[in-house]
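Source file start_15.csv; content: CSV, N, CA and C atoms.
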chain,number,residue,atom,x,y,z
P,1,GLY,N,123.8,94.4,85.0
P,1,GLY,CA,122.7,95.0,84.3
P,1,GLY,C,123.1,96.4,83.9
P,2,PHE,N,122.2,97.0,83.2
P,2,PHE,CA,122.3,98.3,82.7
P,2,PHE,C,121.6,99.4,83.5
P,3,GLU,N,122.3,100.5,83.8
P,3,GLU,CA,121.6,101.6,84.5
P,3,GLU,C,121.8,102.8,83.7
P,4,GLY,N,120.8,103.7,83.8
P,4,GLY,CA,120.8,104.9,83.0
P,4,GLY,C,120.4,106.1,83.9
P,5,GLU,N,120.7,107.3,83.5
P,5,GLU,CA,120.4,108.5,84.2
P,5,GLU,C,120.0,109.6,83.2
P,6,ILE,N,118.8,110.2,83.5
P,6,ILE,CA,118.4,111.3,82.6
P,6,ILE,C,119.1,112.5,83.1
P,7,THR,N,119.8,113.1,82.1
P,7,THR,CA,120.6,114.4,82.5
P,7,THR,C,120.0,115.6,81.7
P,8,PHE,N,119.1,115.4,80.8
P,8,PHE,CA,118.6,116.5,80.0
P,8,PHE,C,117.2,116.1,79.5
P,9,ILE,N,116.3,117.1,79.5
P,9,ILE,CA,115.0,116.8,79.0
P,9,ILE,C,114.6,118.0,78.1
P,10,ASP,N,114.1,117.7,76.9
P,10,ASP,CA,113.7,118.8,76.0
P,10,ASP,C,112.2,118.4,75.6
P,11,ILE,N,111.3,119.2,75.9
P,11,ILE,CA,109.9,118.8,75.7
P,11,ILE,C,109.3,119.7,74.6
P,12,ASP,N,108.7,119.2,73.6
P,12,ASP,CA,108.0,119.9,72.6
P,12,ASP,C,106.5,119.8,73.0
P,13,PHE,N,105.8,120.9,73.0
P,13,PHE,CA,104.4,121.0,73.3
P,13,PHE,C,103.6,120.7,72.1
P,14,ASN,N,102.6,119.8,72.3
P,14,ASN,CA,101.6,119.6,71.3
P,14,ASN,C,100.3,119.6,72.0
P,15,SER,N,99.3,120.4,71.5
P,15,SER,CA,98.0,120.5,72.2
P,15,SER,C,97.3,119.2,72.2
P,16,CYS,N,96.5,119.0,73.2
P,16,CYS,CA,95.6,117.8,73.3
P,16,CYS,C,94.5,118.1,72.4
P,17,GLN,N,94.2,117.2,71.4
P,17,GLN,CA,93.1,117.3,70.5
P,17,GLN,C,91.9,116.7,71.2
P,18,GLY,N,91.0,117.5,71.8
P,18,GLY,CA,89.9,116.9,72.5
P,18,GLY,C,88.6,116.8,71.7
P,19,VAL,N,87.5,116.4,72.3
P,19,VAL,CA,86.2,116.2,71.6
P,19,VAL,C,85.7,117.5,71.3
P,20,ASP,N,85.5,118.4,72.2
P,20,ASP,CA,84.9,119.7,72.0
P,20,ASP,C,85.9,120.9,71.9
P,21,ARG,N,87.0,120.7,72.5
P,21,ARG,CA,88.0,121.7,72.4
P,21,ARG,C,89.4,121.2,72.7
P,22,ASN,N,90.4,121.9,72.3
P,22,ASN,CA,91.8,121.4,72.5
P,22,ASN,C,92.4,122.0,73.8
P,23,ASN,N,93.6,121.4,74.2
P,23,ASN,CA,94.3,121.8,75.4
P,23,ASN,C,93.5,121.5,76.6
P,24,ASN,N,92.7,120.5,76.7
P,24,ASN,CA,91.9,120.2,77.8
P,24,ASN,C,92.0,118.7,78.0
P,25,LEU,N,92.6,118.3,79.1
P,25,LEU,CA,92.9,116.9,79.4
P,25,LEU,C,91.6,116.0,79.5
P,26,GLU,N,90.5,116.6,80.1
P,26,GLU,CA,89.3,115.8,80.2
P,26,GLU,C,88.7,115.5,78.8
P,27,ASN,N,88.7,116.6,77.9
P,27,ASN,CA,88.1,116.4,76.6
P,27,ASN,C,89.0,115.5,75.7
P,28,PHE,N,90.3,115.5,76.0
P,28,PHE,CA,91.2,114.7,75.2
P,28,PHE,C,91.0,113.2,75.6
P,29,TYR,N,90.8,113.0,76.9
P,29,TYR,CA,90.6,111.6,77.4
P,29,TYR,C,89.2,111.1,76.9
P,30,GLN,N,88.2,112.0,76.9
P,30,GLN,CA,86.9,111.6,76.4
P,30,GLN,C,87.0,111.2,74.9
P,31,ARG,N,87.8,111.9,74.1
P,31,ARG,CA,88.1,111.5,72.7
P,31,ARG,C,88.7,110.1,72.7
P,32,LEU,N,89.7,109.8,73.6
P,32,LEU,CA,90.3,108.5,73.6
P,32,LEU,C,89.2,107.4,73.9
P,33,VAL,N,88.3,107.7,74.8
P,33,VAL,CA,87.2,106.7,75.1
P,33,VAL,C,86.3,106.6,73.9
P,34,ASN,N,86.0,107.7,73.3
P,34,ASN,CA,85.1,107.6,72.1
P,34,ASN,C,85.7,106.8,71.0
P,35,GLU,N,87.1,106.8,70.9
P,35,GLU,CA,87.8,106.1,69.8
P,35,GLU,C,88.2,104.7,70.2
P,36,GLY,N,87.8,104.3,71.4
P,36,GLY,CA,88.2,102.9,71.9
P,36,GLY,C,89.6,102.8,72.4
P,37,MET,N,90.3,103.8,72.6
P,37,MET,CA,91.7,103.8,73.0
P,37,MET,C,91.8,103.8,74.5
P,38,ALA,N,90.7,104.1,75.2
P,38,ALA,CA,90.7,104.1,76.7
P,38,ALA,C,89.3,103.7,77.1
P,39,ASP,N,89.1,103.3,78.3
P,39,ASP,CA,87.7,102.9,78.7
P,39,ASP,C,87.2,104.0,79.7
P,40,SER,N,85.9,103.9,79.9
P,40,SER,CA,85.2,105.0,80.7
P,40,SER,C,85.7,104.9,82.2
P,41,SER,N,86.1,103.8,82.7
P,41,SER,CA,86.6,103.7,84.1
P,41,SER,C,87.9,104.5,84.2
P,42,GLN,N,88.8,104.5,83.1
P,42,GLN,CA,90.0,105.3,83.1
P,42,GLN,C,89.7,106.8,83.1
P,43,LEU,N,88.7,107.1,82.3
P,43,LEU,CA,88.2,108.5,82.3
P,43,LEU,C,87.7,109.0,83.6
P,44,GLN,N,87.0,108.1,84.3
P,44,GLN,CA,86.4,108.5,85.6
P,44,GLN,C,87.6,108.7,86.6
P,45,GLU,N,88.6,107.8,86.5
P,45,GLU,CA,89.8,107.9,87.4
P,45,GLU,C,90.5,109.3,87.2
P,46,ILE,N,90.6,109.7,85.9
P,46,ILE,CA,91.2,110.9,85.6
P,46,ILE,C,90.4,112.1,86.2
P,47,ARG,N,89.1,112.0,86.0
P,47,ARG,CA,88.2,113.0,86.6
P,47,ARG,C,88.3,113.1,88.1
P,48,ASP,N,88.3,111.9,88.8
P,48,ASP,CA,88.3,111.9,90.2
P,48,ASP,C,89.7,112.3,90.8
P,49,ASN,N,90.8,112.1,90.1
P,49,ASN,CA,92.1,112.3,90.7
P,49,ASN,C,93.0,113.4,90.1
P,50,TYR,N,92.6,113.8,88.9
P,50,TYR,CA,93.6,114.8,88.3
P,50,TYR,C,92.9,116.0,87.7
P,51,ILE,N,91.7,116.0,87.4
P,51,ILE,CA,91.0,117.1,86.8
P,51,ILE,C,90.5,118.1,87.9
P,52,VAL,N,90.9,119.3,87.8
P,52,VAL,CA,90.5,120.3,88.9
P,52,VAL,C,89.5,121.3,88.4
P,53,GLY,N,89.2,121.3,87.1
P,53,GLY,CA,88.2,122.2,86.5
P,53,GLY,C,88.9,123.4,85.8
P,54,ASP,N,88.1,124.0,84.9
P,54,ASP,CA,88.6,125.1,84.1
P,54,ASP,C,89.1,126.2,85.0
P,55,HIS,N,90.2,126.8,84.8
P,55,HIS,CA,90.8,127.9,85.4
P,55,HIS,C,90.9,127.7,86.9
P,56,GLN,N,91.1,126.5,87.4
P,56,GLN,CA,91.3,126.2,88.8
P,56,GLN,C,92.7,125.8,89.2
P,57,CYS,N,93.6,125.7,88.2
P,57,CYS,CA,94.9,125.2,88.5
P,57,CYS,C,95.7,126.0,89.6
P,58,ASP,N,95.7,127.3,89.5
P,58,ASP,CA,96.4,128.1,90.5
P,58,ASP,C,95.9,127.9,91.9
P,59,GLU,N,94.6,127.9,92.0
P,59,GLU,CA,93.9,127.7,93.3
P,59,GLU,C,94.2,126.3,93.9
P,60,TYR,N,94.2,125.2,93.0
P,60,TYR,CA,94.4,123.9,93.4
P,60,TYR,C,95.9,123.7,93.8
P,61,ILE,N,96.8,124.3,93.1
P,61,ILE,CA,98.2,124.1,93.4
P,61,ILE,C,98.5,124.8,94.7
P,62,SER,N,97.9,126.0,94.9
P,62,SER,CA,98.1,126.7,96.2
P,62,SER,C,97.6,125.9,97.4
P,63,SER,N,96.4,125.3,97.3
P,63,SER,CA,95.9,124.5,98.4
P,63,SER,C,96.7,123.2,98.6
P,64,TRP,N,97.2,122.7,97.5
P,64,TRP,CA,98.0,121.5,97.6
P,64,TRP,C,99.3,121.8,98.5
P,65,PHE,N,99.9,122.9,98.2
P,65,PHE,CA,101.1,123.3,99.0
P,65,PHE,C,100.7,123.6,100.4
P,66,ASP,N,99.6,124.3,100.6
P,66,ASP,CA,99.1,124.7,102.0
P,66,ASP,C,98.9,123.5,102.8
P,67,GLU,N,98.2,122.5,102.3
P,67,GLU,CA,97.8,121.2,103.0
P,67,GLU,C,99.1,120.5,103.5
P,68,ARG,N,100.2,120.7,102.8
P,68,ARG,CA,101.4,119.9,103.1
P,68,ARG,C,102.4,120.8,103.9
P,69,GLY,N,102.0,122.0,104.2
P,69,GLY,CA,102.8,122.9,105.0
P,69,GLY,C,103.9,123.6,104.2
P,70,TYR,N,103.8,123.7,102.9
P,70,TYR,CA,104.8,124.4,102.1
P,70,TYR,C,104.4,125.8,102.0
P,71,ALA,N,105.4,126.7,101.8
P,71,ALA,CA,105.1,128.1,101.6
P,71,ALA,C,106.1,128.6,100.6
P,72,ALA,N,105.7,129.6,99.8
P,72,ALA,CA,106.6,130.3,98.9
P,72,ALA,C,107.5,131.1,99.7
P,73,GLY,N,108.7,131.3,99.2
P,73,GLY,CA,109.7,132.2,99.8
P,73,GLY,C,110.8,131.4,100.5
P,74,PHE,N,111.6,132.2,101.3
P,74,PHE,CA,112.7,131.6,101.9
P,74,PHE,C,112.7,132.0,103.4
P,75,ALA,N,112.9,131.0,104.2
P,75,ALA,CA,113.0,131.3,105.7
P,75,ALA,C,113.9,130.3,106.3
P,76,ASP,N,115.1,130.8,106.7
P,76,ASP,CA,116.1,129.9,107.3
P,76,ASP,C,116.9,130.8,108.3
P,77,PRO,N,116.6,130.6,109.6
P,77,PRO,CA,117.2,131.5,110.6
P,77,PRO,C,118.8,131.5,110.6
P,78,ASP,N,119.4,130.5,110.0
P,78,ASP,CA,120.8,130.4,110.1
P,78,ASP,C,121.5,131.2,109.0
P,79,TRP,N,120.7,131.8,108.1
P,79,TRP,CA,121.3,132.5,106.9
P,79,TRP,C,120.7,133.9,106.8
P,80,VAL,N,121.5,134.8,106.3
P,80,VAL,CA,121.1,136.2,106.1
P,80,VAL,C,120.6,136.3,104.7
P,81,TYR,N,119.3,136.7,104.6
P,81,TYR,CA,118.7,136.7,103.3
P,81,TYR,C,119.1,138.0,102.6
P,82,ILE,N,119.6,137.9,101.4
P,82,ILE,CA,120.1,139.1,100.6
P,82,ILE,C,119.1,139.5,99.5
P,83,PHE,N,118.8,138.5,98.6
P,83,PHE,CA,118.1,138.9,97.4
P,83,PHE,C,117.3,137.7,96.9
P,84,GLY,N,116.2,137.9,96.3
P,84,GLY,CA,115.4,136.9,95.7
P,84,GLY,C,114.5,137.3,94.6
P,85,ARG,N,114.2,136.4,93.7
P,85,ARG,CA,113.4,136.7,92.5
P,85,ARG,C,112.3,135.7,92.5
P,86,LYS,N,111.2,136.0,91.7
P,86,LYS,CA,110.1,135.1,91.5
P,86,LYS,C,109.5,134.6,92.8
P,87,ASP,N,109.6,133.3,93.1
P,87,ASP,CA,108.9,132.7,94.2
P,87,ASP,C,109.7,133.0,95.6
P,88,LEU,N,110.9,133.5,95.5
P,88,LEU,CA,111.6,133.8,96.7
P,88,LEU,C,111.3,135.2,97.1
P,89,GLU,N,110.7,135.4,98.2
P,89,GLU,CA,110.2,136.8,98.6
P,89,GLU,C,111.4,137.7,98.8
P,90,THR,N,111.3,138.9,98.5
P,90,THR,CA,112.3,139.9,98.7
P,90,THR,C,112.2,140.6,100.0
P,91,PRO,N,113.3,140.9,100.7
P,91,PRO,CA,113.3,141.5,102.0
P,91,PRO,C,112.9,143.0,101.8
P,92,GLY,N,112.6,143.7,102.9
P,92,GLY,CA,112.1,145.0,102.9
P,92,GLY,C,113.1,146.1,102.5
P,93,HIS,N,114.3,145.7,102.3
P,93,HIS,CA,115.3,146.7,101.9
P,93,HIS,C,116.3,146.0,100.9
P,94,ASP,N,116.9,146.9,100.1
P,94,ASP,CA,117.9,146.4,99.1
P,94,ASP,C,119.3,146.3,99.7
P,95,TYR,N,120.0,145.3,99.4
P,95,TYR,CA,121.4,145.3,99.8
P,95,TYR,C,122.3,145.8,98.7
P,96,SER,N,123.0,146.9,99.0
P,96,SER,CA,124.0,147.4,98.1
P,96,SER,C,125.2,146.5,98.1
P,97,ALA,N,126.2,146.6,97.2
P,97,ALA,CA,127.4,145.8,97.3
P,97,ALA,C,128.1,146.0,98.6
P,98,LYS,N,128.2,147.2,99.1
P,98,LYS,CA,128.9,147.5,100.4
P,98,LYS,C,128.2,146.8,101.5
P,99,LEU,N,126.8,146.9,101.6
P,99,LEU,CA,126.1,146.2,102.7
P,99,LEU,C,126.3,144.7,102.6
P,100,PHE,N,126.3,144.1,101.4
P,100,PHE,CA,126.5,142.7,101.2
P,100,PHE,C,127.9,142.3,101.7
P,101,GLU,N,128.9,143.1,101.3
P,101,GLU,CA,130.3,142.8,101.8
P,101,GLU,C,130.4,142.9,103.3
P,102,ASP,N,129.7,143.9,103.9
P,102,ASP,CA,129.8,144.0,105.4
P,102,ASP,C,129.1,142.9,106.1
P,103,ALA,N,127.9,142.4,105.5
P,103,ALA,CA,127.2,141.3,106.1
P,103,ALA,C,128.0,140.0,105.9
P,104,PHE,N,128.6,139.9,104.8
P,104,PHE,CA,129.4,138.7,104.5
P,104,PHE,C,130.6,138.6,105.4
P,105,LYS,N,131.3,139.7,105.6
P,105,LYS,CA,132.5,139.7,106.5
P,105,LYS,C,132.2,139.5,107.9
P,106,ALA,N,130.9,139.9,108.3
P,106,ALA,CA,130.5,139.7,109.7
P,106,ALA,C,130.2,138.3,110.1
P,107,ARG,N,130.0,137.5,109.1
P,107,ARG,CA,129.6,136.1,109.4
P,107,ARG,C,130.9,135.3,109.8
P,108,PRO,N,130.7,134.3,110.6
P,108,PRO,CA,131.9,133.5,111.1
P,108,PRO,C,132.5,132.7,110.0
P,109,ASN,N,131.7,132.3,109.0
P,109,ASN,CA,132.3,131.5,107.8
P,109,ASN,C,132.0,132.3,106.6
P,110,ALA,N,133.0,132.4,105.7
P,110,ALA,CA,132.8,133.1,104.4
P,110,ALA,C,132.1,132.2,103.4
P,111,ILE,N,130.8,132.0,103.6
P,111,ILE,CA,130.0,131.1,102.8
P,111,ILE,C,128.8,131.8,102.3
P,112,VAL,N,128.5,131.7,101.0
P,112,VAL,CA,127.3,132.2,100.4
P,112,VAL,C,126.5,131.1,99.9
P,113,ARG,N,125.2,131.1,100.3
P,113,ARG,CA,124.3,130.0,99.9
P,113,ARG,C,123.4,130.6,98.8
P,114,ARG,N,123.3,129.8,97.7
P,114,ARG,CA,122.4,130.2,96.6
P,114,ARG,C,121.3,129.1,96.4
P,115,ILE,N,120.1,129.6,96.5
P,115,ILE,CA,119.0,128.7,96.3
P,115,ILE,C,118.3,129.0,95.0
P,116,CYS,N,118.0,128.0,94.2
P,116,CYS,CA,117.4,128.2,92.9
P,116,CYS,C,116.4,127.1,92.6
P,117,PRO,N,115.1,127.3,93.0
P,117,PRO,CA,114.1,126.3,92.9
P,117,PRO,C,113.9,125.8,91.4
P,118,GLY,N,114.2,126.7,90.5
P,118,GLY,CA,114.0,126.4,89.1
P,118,GLY,C,115.2,125.8,88.4
P,119,CYS,N,116.3,125.6,89.1
P,119,CYS,CA,117.5,125.0,88.4
P,119,CYS,C,117.4,123.5,88.5
P,120,ILE,N,118.3,122.9,87.7
P,120,ILE,CA,118.4,121.4,87.8
P,120,ILE,C,118.6,121.0,89.2
P,121,GLU,N,118.2,119.8,89.6
P,121,GLU,CA,118.3,119.4,91.0
P,121,GLU,C,119.7,119.5,91.6
P,122,SER,N,120.7,119.3,90.9
P,122,SER,CA,122.1,119.4,91.5
P,122,SER,C,122.5,120.8,91.7
P,123,HIS,N,121.7,121.8,91.2
P,123,HIS,CA,122.1,123.2,91.4
P,123,HIS,C,121.1,124.0,92.2
P,124,ARG,N,120.1,123.3,92.8
P,124,ARG,CA,119.1,124.0,93.5
P,124,ARG,C,119.5,124.7,94.8
P,125,ASP,N,120.5,124.1,95.5
P,125,ASP,CA,120.9,124.6,96.8
P,125,ASP,C,122.5,124.5,96.8
P,126,LEU,N,123.1,125.6,96.5
P,126,LEU,CA,124.6,125.6,96.4
P,126,LEU,C,125.2,126.5,97.5
P,127,PHE,N,126.4,126.1,97.8
P,127,PHE,CA,127.2,126.9,98.8
P,127,PHE,C,128.5,127.3,98.1
P,128,TYR,N,128.8,128.6,98.2
P,128,TYR,CA,130.1,129.1,97.7
P,128,TYR,C,130.9,129.6,98.9
P,129,ARG,N,132.2,129.2,98.9
P,129,ARG,CA,133.1,129.6,100.0
P,129,ARG,C,134.3,130.4,99.4
P,130,ARG,N,134.6,131.6,100.1
P,130,ARG,CA,135.7,132.4,99.7
P,130,ARG,C,136.9,132.0,100.5
Final C-alpha cells representation of the file:
Amino acid sequence: GFEGEITFIDIDFNSCQGVDRNNNLENFYQRLVNEGMADSSQLQEIRDNYIVGDHQCDEYISSWFDERGYAAGFADPDWVYIFGRKDLETPGHDYSAKLFEDAFKARPNAIVRRICPGCIESHRDLFYRR
C-alpha cells in the first residue's frame, strides 16, 4: 500500500461568511443550515461541543488546560532552567554568558536541553551535547 507523511503545512486564512457577521463559526454554520448544506442537528452539535461564546476563547483554553493538569512554563527538577520566552516562564535572574558556562561546566554531563513548544514536533525537545 501507499503511506504518506505531512511534512509542511501552509494555511491561507479566509474568513467565515456567516449569516449576521463574518469570522464566527456559529453564524457560518447557521448559514450552511439556511442554504441546505448542513442540518440543524449538526449545528446543535457544534453549539454543544465547540462553540464557547464571543470573547471566551482564552478563558475556555485556560480551563481546558487546568482540568487536565497542564500548566504554562517549564518545571523539570533534573535540568537547570536558563532562559525562556513566551509561554516558558523566566527565572527571577538573568544568566550571563559566564554564569551559563559555570552552570554548564558544573553539570556531570555536557548537555543542553532546548524546549520549543512552537517548533515542529521533531524539534520541540532537543538535546545538544558538547
Residues flagged helix (DSSP H, G or I) by DSSP in stretch 4-128 of chain P, as a PyMOL selection string: chain P and resi 25-34+40-49+57-67+97-106+121-123
Given all atoms listed in the file as the counted atoms, nearest of P:Asp78, P:Ile51, P:Asp39, P:Phe2 to P:Leu25: P:Ile51
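The spacing separating atom CA of P:Gly18 from atom CA of P:Asp54 amounts to 14.3 Å.
One finds atom CA of P:Phe127 at 17.7 Å from atom C of P:Asp102.
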Point-to-point distance in Å for atom N of P:Leu43 and atom C of P:Gln30: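 Interatomic distance here is 8.6 Å.
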P:Phe28, P:Phe65, P:Tyr128, P:Tyr70 ranked by distance to P:Ile111, top pick (using all atoms listed in the file):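 Smallest separation from P:Ile111 among the options: P:Tyr128.
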Residue list (strand (DSSP E or B), DSSP) for chain P, as a PyMOL selection string: chain P and resi 111-115+125-129
Output of the above residues as a JSON list (two decimals), in the coordinates of the input, restricted to N, CA and C atoms:
[["chain", "number", "residue", "atom", "x", "y", "z"],
["P", 111, "ILE", "N", 130.80, 132.00, 103.60],
["P", 111, "ILE", "CA", 130.00, 131.10, 102.80],
["P", 111, "ILE", "C", 128.80, 131.80, 102.30],
["P", 112, "VAL", "N", 128.50, 131.70, 101.00],
["P", 112, "VAL", "CA", 127.30, 132.20, 100.40],
["P", 112, "VAL", "C", 126.50, 131.10, 99.90],
["P", 113, "ARG", "N", 125.20, 131.10, 100.30],
["P", 113, "ARG", "CA", 124.30, 130.00, 99.90],
["P", 113, "ARG", "C", 123.40, 130.60, 98.80],
["P", 114, "ARG", "N", 123.30, 129.80, 97.70],
["P", 114, "ARG", "CA", 122.40, 130.20, 96.60],
["P", 114, "ARG", "C", 121.30, 129.10, 96.40],
["P", 115, "ILE", "N", 120.10, 129.60, 96.50],
["P", 115, "ILE", "CA", 119.00, 128.70, 96.30],
["P", 115, "ILE", "C", 118.30, 129.00, 95.00],
["P", 125, "ASP", "N", 120.50, 124.10, 95.50],
["P", 125, "ASP", "CA", 120.90, 124.60, 96.80],
["P", 125, "ASP", "C", 122.50, 124.50, 96.80],
["P", 126, "LEU", "N", 123.10, 125.60, 96.50],
["P", 126, "LEU", "CA", 124.60, 125.60, 96.40],
["P", 126, "LEU", "C", 125.20, 126.50, 97.50],
["P", 127, "PHE", "N", 126.40, 126.10, 97.80],
["P", 127, "PHE", "CA", 127.20, 126.90, 98.80],
["P", 127, "PHE", "C", 128.50, 127.30, 98.10],
["P", 128, "TYR", "N", 128.80, 128.60, 98.20],
["P", 128, "TYR", "CA", 130.10, 129.10, 97.70],
["P", 128, "TYR", "C", 130.90, 129.60, 98.90],
["P", 129, "ARG", "N", 132.20, 129.20, 98.90],
["P", 129, "ARG", "CA", 133.10, 129.60, 100.00],
["P", 129, "ARG", "C", 134.30, 130.40, 99.40]]
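Every protein, DNA or RNA residue with an atom at most 8 Å from P:Arg31, where all atoms listed in the file count and chain neighbours fewer than 6 positions away do not, is listed here: Gln17, Gly18, Val19, Asp20, Leu25, Met37 and Ala38 of chain P.
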